[in-house]
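Content type mmCIF, C-alpha atoms and all ligand atoms, from the file target-v8.cif:
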data_coords
loop_
_atom_site.label_atom_id
_atom_site.label_comp_id
_atom_site.auth_asym_id
_atom_site.auth_seq_id
_atom_site.Cartn_x
_atom_site.Cartn_y
_atom_site.Cartn_z
CA MET B 1 37.12 25.02 24.75
CA ASP B 2 39.44 22.46 26.21
CA LYS B 3 42.72 22.03 24.47
CA ASN B 4 43.54 18.55 25.67
CA LYS B 5 41.63 16.70 22.97
CA ALA B 6 42.63 15.57 19.51
CA LEU B 7 40.60 13.91 16.80
CA LEU B 8 42.55 11.43 14.72
CA ILE B 9 41.20 10.68 11.24
CA ILE B 10 43.20 7.65 10.22
CA ASP B 11 43.87 6.58 6.62
CA TYR B 12 40.70 8.01 5.11
CA THR B 13 42.13 7.94 1.58
CA ASN B 14 40.87 6.95 -1.87
CA ASP B 15 42.73 3.65 -1.85
CA PHE B 16 41.06 2.63 1.41
CA VAL B 17 37.60 4.06 0.78
CA ALA B 18 36.74 4.77 -2.88
CA ASP B 19 35.00 2.17 -5.04
CA ASP B 20 38.13 1.87 -7.19
CA GLY B 21 40.58 2.02 -4.27
CA ALA B 22 43.42 -0.51 -4.28
CA LEU B 23 42.58 -1.84 -0.82
CA THR B 24 39.13 -0.46 -0.26
CA CYS B 25 36.69 -0.93 2.61
CA GLY B 26 34.02 -0.01 0.07
CA GLU B 27 30.56 0.86 1.31
CA PRO B 28 31.24 0.56 5.07
CA GLY B 29 34.08 3.03 4.60
CA GLN B 30 31.99 5.42 2.51
CA LYS B 31 29.11 5.37 5.01
CA ILE B 32 31.21 7.02 7.73
CA GLU B 33 32.15 10.03 5.57
CA ASN B 34 29.51 12.45 6.89
CA LYS B 35 30.15 11.50 10.51
CA ILE B 36 33.88 12.12 10.06
CA ILE B 37 33.21 15.53 8.53
CA SER B 38 30.82 16.55 11.29
CA LEU B 39 33.35 15.49 13.94
CA ALA B 40 36.13 17.36 12.14
CA ASP B 41 33.96 20.49 12.12
CA GLU B 42 33.03 20.06 15.77
CA PHE B 43 36.61 19.58 16.99
CA TYR B 44 37.93 22.37 14.81
CA GLN B 45 35.25 24.84 15.84
CA ASN B 46 35.85 24.01 19.51
CA GLY B 47 39.55 24.75 19.12
CA ASN B 48 40.64 21.13 19.37
CA PHE B 49 43.25 19.45 17.22
CA VAL B 50 42.36 17.47 14.12
CA TYR B 51 45.14 15.18 12.92
CA LEU B 52 45.17 13.04 9.81
CA PRO B 53 47.77 10.26 9.97
CA THR B 54 47.97 8.85 6.44
CA ASP B 55 49.39 5.51 5.35
CA THR B 56 52.14 6.26 2.87
CA HIS B 57 54.21 4.02 0.65
CA ILE B 58 56.85 4.66 -1.95
CA LYS B 59 56.56 2.96 -5.30
CA ASP B 60 58.12 -0.52 -5.58
CA ASP B 61 59.39 -0.56 -2.00
CA LYS B 62 60.73 -4.10 -1.79
CA PHE B 63 61.67 -3.80 1.87
CA HIS B 64 58.27 -2.88 3.28
CA PRO B 65 56.67 -5.72 5.30
CA GLU B 66 53.21 -5.00 3.83
CA LYS B 67 54.59 -5.97 0.43
CA LYS B 68 53.96 -9.64 1.29
CA LEU B 69 50.50 -8.96 2.67
CA PHE B 70 48.63 -6.44 0.53
CA PRO B 71 48.46 -5.15 -3.02
CA THR B 72 50.24 -1.86 -3.69
CA HIS B 73 48.32 1.03 -2.11
CA ASN B 74 48.66 4.62 -0.87
CA VAL B 75 51.71 5.37 -2.98
CA LYS B 76 52.82 8.94 -2.36
CA GLY B 77 51.86 11.26 -5.21
CA THR B 78 49.00 9.09 -6.51
CA LYS B 79 45.26 9.71 -6.29
CA GLY B 80 44.96 6.64 -4.07
CA HIS B 81 47.03 8.39 -1.41
CA GLU B 82 44.82 11.48 -1.43
CA LEU B 83 42.10 11.99 1.16
CA TYR B 84 38.69 10.67 0.12
CA GLY B 85 35.70 12.76 -0.94
CA LYS B 86 34.51 15.52 1.38
CA LEU B 87 37.47 15.04 3.68
CA LYS B 88 39.84 16.22 0.95
CA THR B 89 37.75 19.38 0.56
CA TRP B 90 37.57 19.83 4.32
CA TYR B 91 41.31 19.45 4.70
CA ASP B 92 42.12 21.76 1.79
CA SER B 93 39.96 24.46 3.41
CA ASN B 94 41.46 24.11 6.88
CA SER B 95 45.01 22.87 6.36
CA ASN B 96 46.56 26.25 7.11
CA SER B 97 45.26 26.15 10.69
CA GLU B 98 47.66 25.24 13.49
CA LEU B 99 44.92 22.92 14.76
CA VAL B 100 45.01 20.74 11.64
CA ASN B 101 47.82 18.52 10.47
CA GLN B 102 48.08 15.69 7.98
CA PHE B 103 51.20 13.56 8.18
CA ASP B 104 52.60 10.45 6.56
CA LYS B 105 52.97 7.21 8.44
CA THR B 106 54.50 4.03 7.09
CA ARG B 107 53.13 1.45 9.53
CA TYR B 108 49.69 0.58 10.88
CA SER B 109 50.08 2.62 14.03
CA SER B 110 49.93 6.40 13.74
CA PHE B 111 52.70 6.53 16.35
CA ALA B 112 55.20 4.24 14.60
CA GLY B 113 58.03 6.31 13.17
CA THR B 114 56.10 9.61 13.41
CA ASP B 115 56.30 12.63 15.72
CA LEU B 116 52.69 12.20 16.84
CA ASP B 117 53.50 11.45 20.49
CA LEU B 118 55.87 14.45 20.75
CA ARG B 119 53.35 16.71 19.04
CA LEU B 120 50.54 15.63 21.39
CA ARG B 121 52.71 16.04 24.50
CA GLU B 122 53.88 19.52 23.43
CA ARG B 123 50.24 20.51 23.21
CA GLU B 124 49.29 18.72 26.46
CA VAL B 125 46.79 16.53 24.67
CA THR B 126 45.68 13.66 26.87
CA ASP B 127 42.48 12.44 25.23
CA LEU B 128 42.40 10.90 21.79
CA TYR B 129 39.26 10.42 19.70
CA LEU B 130 39.76 7.86 16.96
CA THR B 131 38.07 7.67 13.58
CA GLY B 132 38.89 6.26 10.15
CA VAL B 133 39.84 2.92 8.64
CA CYS B 134 40.35 0.10 9.13
CA THR B 135 38.89 -0.44 12.59
CA ASP B 136 40.84 -3.67 13.09
CA ILE B 137 44.13 -2.64 11.44
CA CYS B 138 45.39 0.95 11.59
CA VAL B 139 42.82 2.21 14.09
CA LEU B 140 43.50 -0.80 16.34
CA HIS B 141 47.29 -0.52 16.16
CA THR B 142 47.05 3.22 16.86
CA ALA B 143 44.82 2.53 19.87
CA ILE B 144 47.26 -0.06 21.25
CA ASP B 145 50.17 2.38 21.06
CA ALA B 146 48.00 5.13 22.57
CA TYR B 147 47.17 2.78 25.45
CA ASN B 148 50.83 1.96 26.04
CA LEU B 149 51.74 5.66 25.96
CA GLY B 150 49.08 6.50 28.55
CA TYR B 151 46.49 8.36 26.50
CA SER B 152 42.77 8.19 27.18
CA ILE B 153 41.12 6.54 24.21
CA ASN B 154 37.72 7.21 22.71
CA VAL B 155 36.41 5.61 19.54
CA TYR B 156 33.44 6.86 17.54
CA LYS B 157 31.79 3.64 16.41
CA GLU B 158 29.95 5.40 13.58
CA ALA B 159 33.19 6.88 12.28
CA VAL B 160 35.29 3.72 11.96
CA ALA B 161 34.94 0.96 9.38
CA SER B 162 36.65 -2.09 7.94
CA PHE B 163 36.40 -4.38 4.94
CA SER B 164 36.01 -7.16 7.52
CA GLN B 165 32.82 -6.98 9.58
CA THR B 166 34.20 -9.68 11.91
CA GLY B 167 37.37 -7.68 12.40
CA HIS B 168 35.37 -4.49 12.98
CA VAL B 169 33.27 -6.09 15.71
CA PHE B 170 36.30 -7.71 17.31
CA ALA B 171 38.21 -4.41 17.37
CA LEU B 172 35.33 -2.48 18.97
CA GLU B 173 35.19 -5.08 21.75
CA HIS B 174 38.96 -4.95 22.14
CA PHE B 175 39.05 -1.16 22.41
CA LYS B 176 36.52 -1.30 25.21
CA ASN B 177 37.45 -4.43 27.13
CA VAL B 178 41.21 -4.49 26.75
CA LEU B 179 42.29 -0.91 26.06
CA GLY B 180 39.75 0.75 28.36
CA ALA B 181 38.38 2.92 25.57
CA ASP B 182 35.06 4.68 25.61
CA ILE B 183 33.02 3.70 22.58
CA LEU B 184 30.97 6.73 21.57
ZN ZN D 201 49.96 0.42 3.89
#
Produce structure tokens that represent the structure in this file.
Amino acid sequence: MDKNKALLIIDYTNDFVADDGALTCGEPGQKIENKIISLADEFYQNGNFVYLPTDTHIKDDKFHPEKKLFPTHNVKGTKGHELYGKLKTWYDSNSNSELVNQFDKTRYSSFAGTDLDLRLREREVTDLYLTGVCTDICVLHTAIDAYNLGYSINVYKEAVASFSQTGHVFALEHFKNVLGADIL
């Protein structure tokens, strides 16, 4: 058991993954569900941290920059904001563990305006393992901040997805060639 690893499961919510989600990746997002669950189990059972940064909006927020870019999504208190499918069950079963934490974020990066960096440093986590959606938006922005903050970055290619296949492919190349990530 080494304690210096954390799995990040980014934005794996109904609005981003379910067929009727407001901003859904659809099938590519649904296909990574089992891989995410098996990674969550593996990290948890090995005593590593499992964090779930979750895009969160308040209803009718006229100041949010995404307002101009995307339809309303991930509004706190709605089904769209809840974790998708088996991950919701997984989280509900394990959320009382000190290894597991879901937290709201309001920007693409999991570090923007959150205590993620402080939390990781307190726990001496140095290596991040990224999963979730979308590869080229929230996973990418999280990876860029992780790079700038000095973390080692790993990305599970079978546990990230996007509604844009072009964006997905671009982001995987960028993780590897520009952010020095290991693609697993
Ligand atoms: Zn959003």
Mind running chain B against ligand ZN 201 (chain D) at 12 Å and telling me each contacting residue's nearest atom pair with the distance in Å (one decimal), counting all atoms listed in the file, chain and number ascending, as CSV?
residue,atom,partner,partner_atom,distance
B:Ile10,CA,D:ZN201,ZN,11.7
B:Asp11,CA,D:ZN201,ZN,9.1
B:Thr13,CA,D:ZN201,ZN,11.1
B:Asp15,CA,D:ZN201,ZN,9.8
B:Phe16,CA,D:ZN201,ZN,9.5
B:Ala22,CA,D:ZN201,ZN,10.5
B:Leu23,CA,D:ZN201,ZN,9.0
B:Thr24,CA,D:ZN201,ZN,11.6
B:Pro53,CA,D:ZN201,ZN,11.8
B:Thr54,CA,D:ZN201,ZN,9.0
B:Asp55,CA,D:ZN201,ZN,5.3
B:Thr56,CA,D:ZN201,ZN,6.3
B:His57,CA,D:ZN201,ZN,6.4
B:Ile58,CA,D:ZN201,ZN,10.0
B:Lys59,CA,D:ZN201,ZN,11.6
B:Asp61,CA,D:ZN201,ZN,11.2
B:His64,CA,D:ZN201,ZN,9.0
B:Pro65,CA,D:ZN201,ZN,9.2
B:Glu66,CA,D:ZN201,ZN,6.3
B:Lys67,CA,D:ZN201,ZN,8.6
B:Lys68,CA,D:ZN201,ZN,11.1
B:Leu69,CA,D:ZN201,ZN,9.5
B:Phe70,CA,D:ZN201,ZN,7.8
B:Pro71,CA,D:ZN201,ZN,9.0
B:Thr72,CA,D:ZN201,ZN,7.9
B:His73,CA,D:ZN201,ZN,6.2
B:Asn74,CA,D:ZN201,ZN,6.5
B:Val75,CA,D:ZN201,ZN,8.6
B:Lys76,CA,D:ZN201,ZN,10.9
B:Gly80,CA,D:ZN201,ZN,11.3
B:His81,CA,D:ZN201,ZN,10.0
B:Asp104,CA,D:ZN201,ZN,10.7
B:Lys105,CA,D:ZN201,ZN,8.7
B:Thr106,CA,D:ZN201,ZN,6.6
B:Arg107,CA,D:ZN201,ZN,6.6
B:Tyr108,CA,D:ZN201,ZN,7.0
B:Ser109,CA,D:ZN201,ZN,10.4
B:Ser110,CA,D:ZN201,ZN,11.5
B:Val133,CA,D:ZN201,ZN,11.5
B:Cys134,CA,D:ZN201,ZN,11.0
B:Ile137,CA,D:ZN201,ZN,10.0
B:Cys138,CA,D:ZN201,ZN,9.0
Task: Distance criterion (all atoms listed in the file): nearest to Glu33 (chain B) out of B:Thr131, B:Gln165, B:Asn94, B:Gln102 - done: B:Thr131
- [ ] Excluding Ala6 (chain B) and any residue of its chain fewer than 6 positions from it, enumerate the residues within 12 Å of it, using only C-alpha atoms, and give them as JSON, numbers by chain.
- [x] {"B": [39, 40, 42, 43, 44, 46, 47, 48, 49, 50, 51, 52, 99, 100, 101, 116, 117, 119, 120, 121, 123, 124, 125, 126, 127, 128, 129, 130, 131, 151, 152, 153, 154, 155]}
Task: Spatial neighbours of Gly26 (chain B), max dist 9 Å, only C-alpha atoms, sep filter under 5 positions, as a PyMOL selection string - done: chain B and resi 16-21+31+162-163
- [ ] Work out how far CA of Leu87 (chain B) is from CA of Ile37 (chain B), in Å to one decimal.
- [x]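 It comes out at 6.5 Å.
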Task: Spatial neighbours of Ala161 (chain B), 8 Å, only C-alpha atoms, chain gap at least 3 places, as a list in words - done: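 Here the answer would be Cys25, Pro28, Gly29, Ile32, Gly132, Val133, Cys134, Thr135, Glu158 and His168 of chain B.
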Could the residues in this selection be written to a file with C-alpha atoms, as a PDB file, keeping the file's coordinate frame?
ATOM      1  CA  CYS B  25      36.690  -0.930   2.610  1.00  0.00           C
ATOM      2  CA  PRO B  28      31.240   0.560   5.070  1.00  0.00           C
ATOM      3  CA  GLY B  29      34.080   3.030   4.600  1.00  0.00           C
ATOM      4  CA  ILE B  32      31.210   7.020   7.730  1.00  0.00           C
ATOM      5  CA  GLY B 132      38.890   6.260  10.150  1.00  0.00           C
ATOM      6  CA  VAL B 133      39.840   2.920   8.640  1.00  0.00           C
ATOM      7  CA  CYS B 134      40.350   0.100   9.130  1.00  0.00           C
ATOM      8  CA  THR B 135      38.890  -0.440  12.590  1.00  0.00           C
ATOM      9  CA  GLU B 158      29.950   5.400  13.580  1.00  0.00           C
ATOM     10  CA  HIS B 168      35.370  -4.490  12.980  1.00  0.00           C
TER      11      HIS B 168
END
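Taking CA of Gly113 (chain B) and CA of Val178 (chain B) as the two end points, the separation is 24.2 Å.
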Task: Å distance separating CA of Leu179 (chain B) from CA of Asn4 (chain B), one decimal place - done: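 CA of Asn4 (chain B) lies 19.5 Å from CA of Leu179 (chain B).
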- [ ] Rank B:Ala181, B:Leu172, B:Leu118, B:Leu149 by their smallest atom-to-atom distance to Asp136 (chain B), using only C-alpha atoms, and report the top residue only.
- [x]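 For Asp136 (chain B), the nearest of the candidates is B:Leu172.
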Find the smallest box with edges along x, y and z containing every listed atom of region 110-118 of chain B, then add 8 Å on each side and report centre and edge lengths in Å to one decimal, as JSON.
{"center_x": 54.0, "center_y": 9.3, "center_z": 17.0, "size_x": 24.1, "size_y": 26.2, "size_z": 23.6}
Some atoms are absent from region 138-159 of chain B, so rebuild N, CA and C atoms and return them as an mmCIF file, keeping the file's coordinate frame.
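File written: selection_33.cif
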data_model
loop_
_atom_site.group_PDB
_atom_site.id
_atom_site.type_symbol
_atom_site.label_atom_id
_atom_site.label_comp_id
_atom_site.auth_asym_id
_atom_site.auth_seq_id
_atom_site.Cartn_x
_atom_site.Cartn_y
_atom_site.Cartn_z
ATOM 1 N N CYS B 138 44.669 -0.276 11.188
ATOM 2 C CA CYS B 138 45.390 0.950 11.590
ATOM 3 C C CYS B 138 44.769 1.639 12.792
ATOM 4 N N VAL B 139 43.445 1.600 12.916
ATOM 5 C CA VAL B 139 42.820 2.210 14.090
ATOM 6 C C VAL B 139 43.200 1.388 15.339
ATOM 7 N N LEU B 140 43.153 0.075 15.207
ATOM 8 C CA LEU B 140 43.500 -0.800 16.340
ATOM 9 C C LEU B 140 44.959 -0.620 16.772
ATOM 10 N N HIS B 141 45.865 -0.649 15.810
ATOM 11 C CA HIS B 141 47.290 -0.520 16.160
ATOM 12 C C HIS B 141 47.586 0.851 16.773
ATOM 13 N N THR B 142 46.898 1.883 16.279
ATOM 14 C CA THR B 142 47.050 3.220 16.860
ATOM 15 C C THR B 142 46.535 3.228 18.294
ATOM 16 N N ALA B 143 45.410 2.577 18.521
ATOM 17 C CA ALA B 143 44.820 2.530 19.870
ATOM 18 C C ALA B 143 45.739 1.785 20.838
ATOM 19 N N ILE B 144 46.350 0.715 20.368
ATOM 20 C CA ILE B 144 47.260 -0.060 21.250
ATOM 21 C C ILE B 144 48.456 0.799 21.656
ATOM 22 N N ASP B 145 49.044 1.498 20.704
ATOM 23 C CA ASP B 145 50.170 2.380 21.060
ATOM 24 C C ASP B 145 49.706 3.508 21.976
ATOM 25 N N ALA B 146 48.530 4.054 21.713
ATOM 26 C CA ALA B 146 48.000 5.130 22.570
ATOM 27 C C ALA B 146 47.827 4.624 23.998
ATOM 28 N N TYR B 147 47.341 3.400 24.127
ATOM 29 C CA TYR B 147 47.170 2.780 25.450
ATOM 30 C C TYR B 147 48.528 2.659 26.157
ATOM 31 N N ASN B 148 49.513 2.156 25.428
ATOM 32 C CA ASN B 148 50.830 1.960 26.040
ATOM 33 C C ASN B 148 51.508 3.284 26.398
ATOM 34 N N LEU B 149 51.160 4.338 25.699
ATOM 35 C CA LEU B 149 51.740 5.660 25.960
ATOM 36 C C LEU B 149 50.926 6.452 26.983
ATOM 37 N N GLY B 150 49.823 5.877 27.452
ATOM 38 C CA GLY B 150 49.080 6.500 28.550
ATOM 39 C C GLY B 150 47.994 7.489 28.156
ATOM 40 N N TYR B 151 47.587 7.471 26.904
ATOM 41 C CA TYR B 151 46.490 8.360 26.500
ATOM 42 C C TYR B 151 45.134 7.760 26.859
ATOM 43 N N SER B 152 44.163 8.629 27.087
ATOM 44 C CA SER B 152 42.770 8.190 27.180
ATOM 45 C C SER B 152 42.253 8.000 25.768
ATOM 46 N N ILE B 153 41.546 6.897 25.565
ATOM 47 C CA ILE B 153 41.120 6.540 24.210
ATOM 48 C C ILE B 153 39.603 6.557 24.107
ATOM 49 N N ASN B 154 39.142 7.191 23.049
ATOM 50 C CA ASN B 154 37.720 7.210 22.710
ATOM 51 C C ASN B 154 37.598 6.833 21.244
ATOM 52 N N VAL B 155 36.603 6.028 20.937
ATOM 53 C CA VAL B 155 36.410 5.610 19.540
ATOM 54 C C VAL B 155 34.961 5.894 19.144
ATOM 55 N N TYR B 156 34.793 6.623 18.067
ATOM 56 C CA TYR B 156 33.440 6.860 17.540
ATOM 57 C C TYR B 156 33.040 5.678 16.666
ATOM 58 N N LYS B 157 32.103 4.873 17.157
ATOM 59 C CA LYS B 157 31.790 3.640 16.410
ATOM 60 C C LYS B 157 31.155 3.916 15.053
ATOM 61 N N GLU B 158 30.528 5.072 14.894
ATOM 62 C CA GLU B 158 29.950 5.400 13.580
ATOM 63 C C GLU B 158 30.926 6.132 12.675
ATOM 64 N N ALA B 159 32.181 6.215 13.119
ATOM 65 C CA ALA B 159 33.190 6.880 12.280
ATOM 66 C C ALA B 159 34.415 6.009 12.062
#
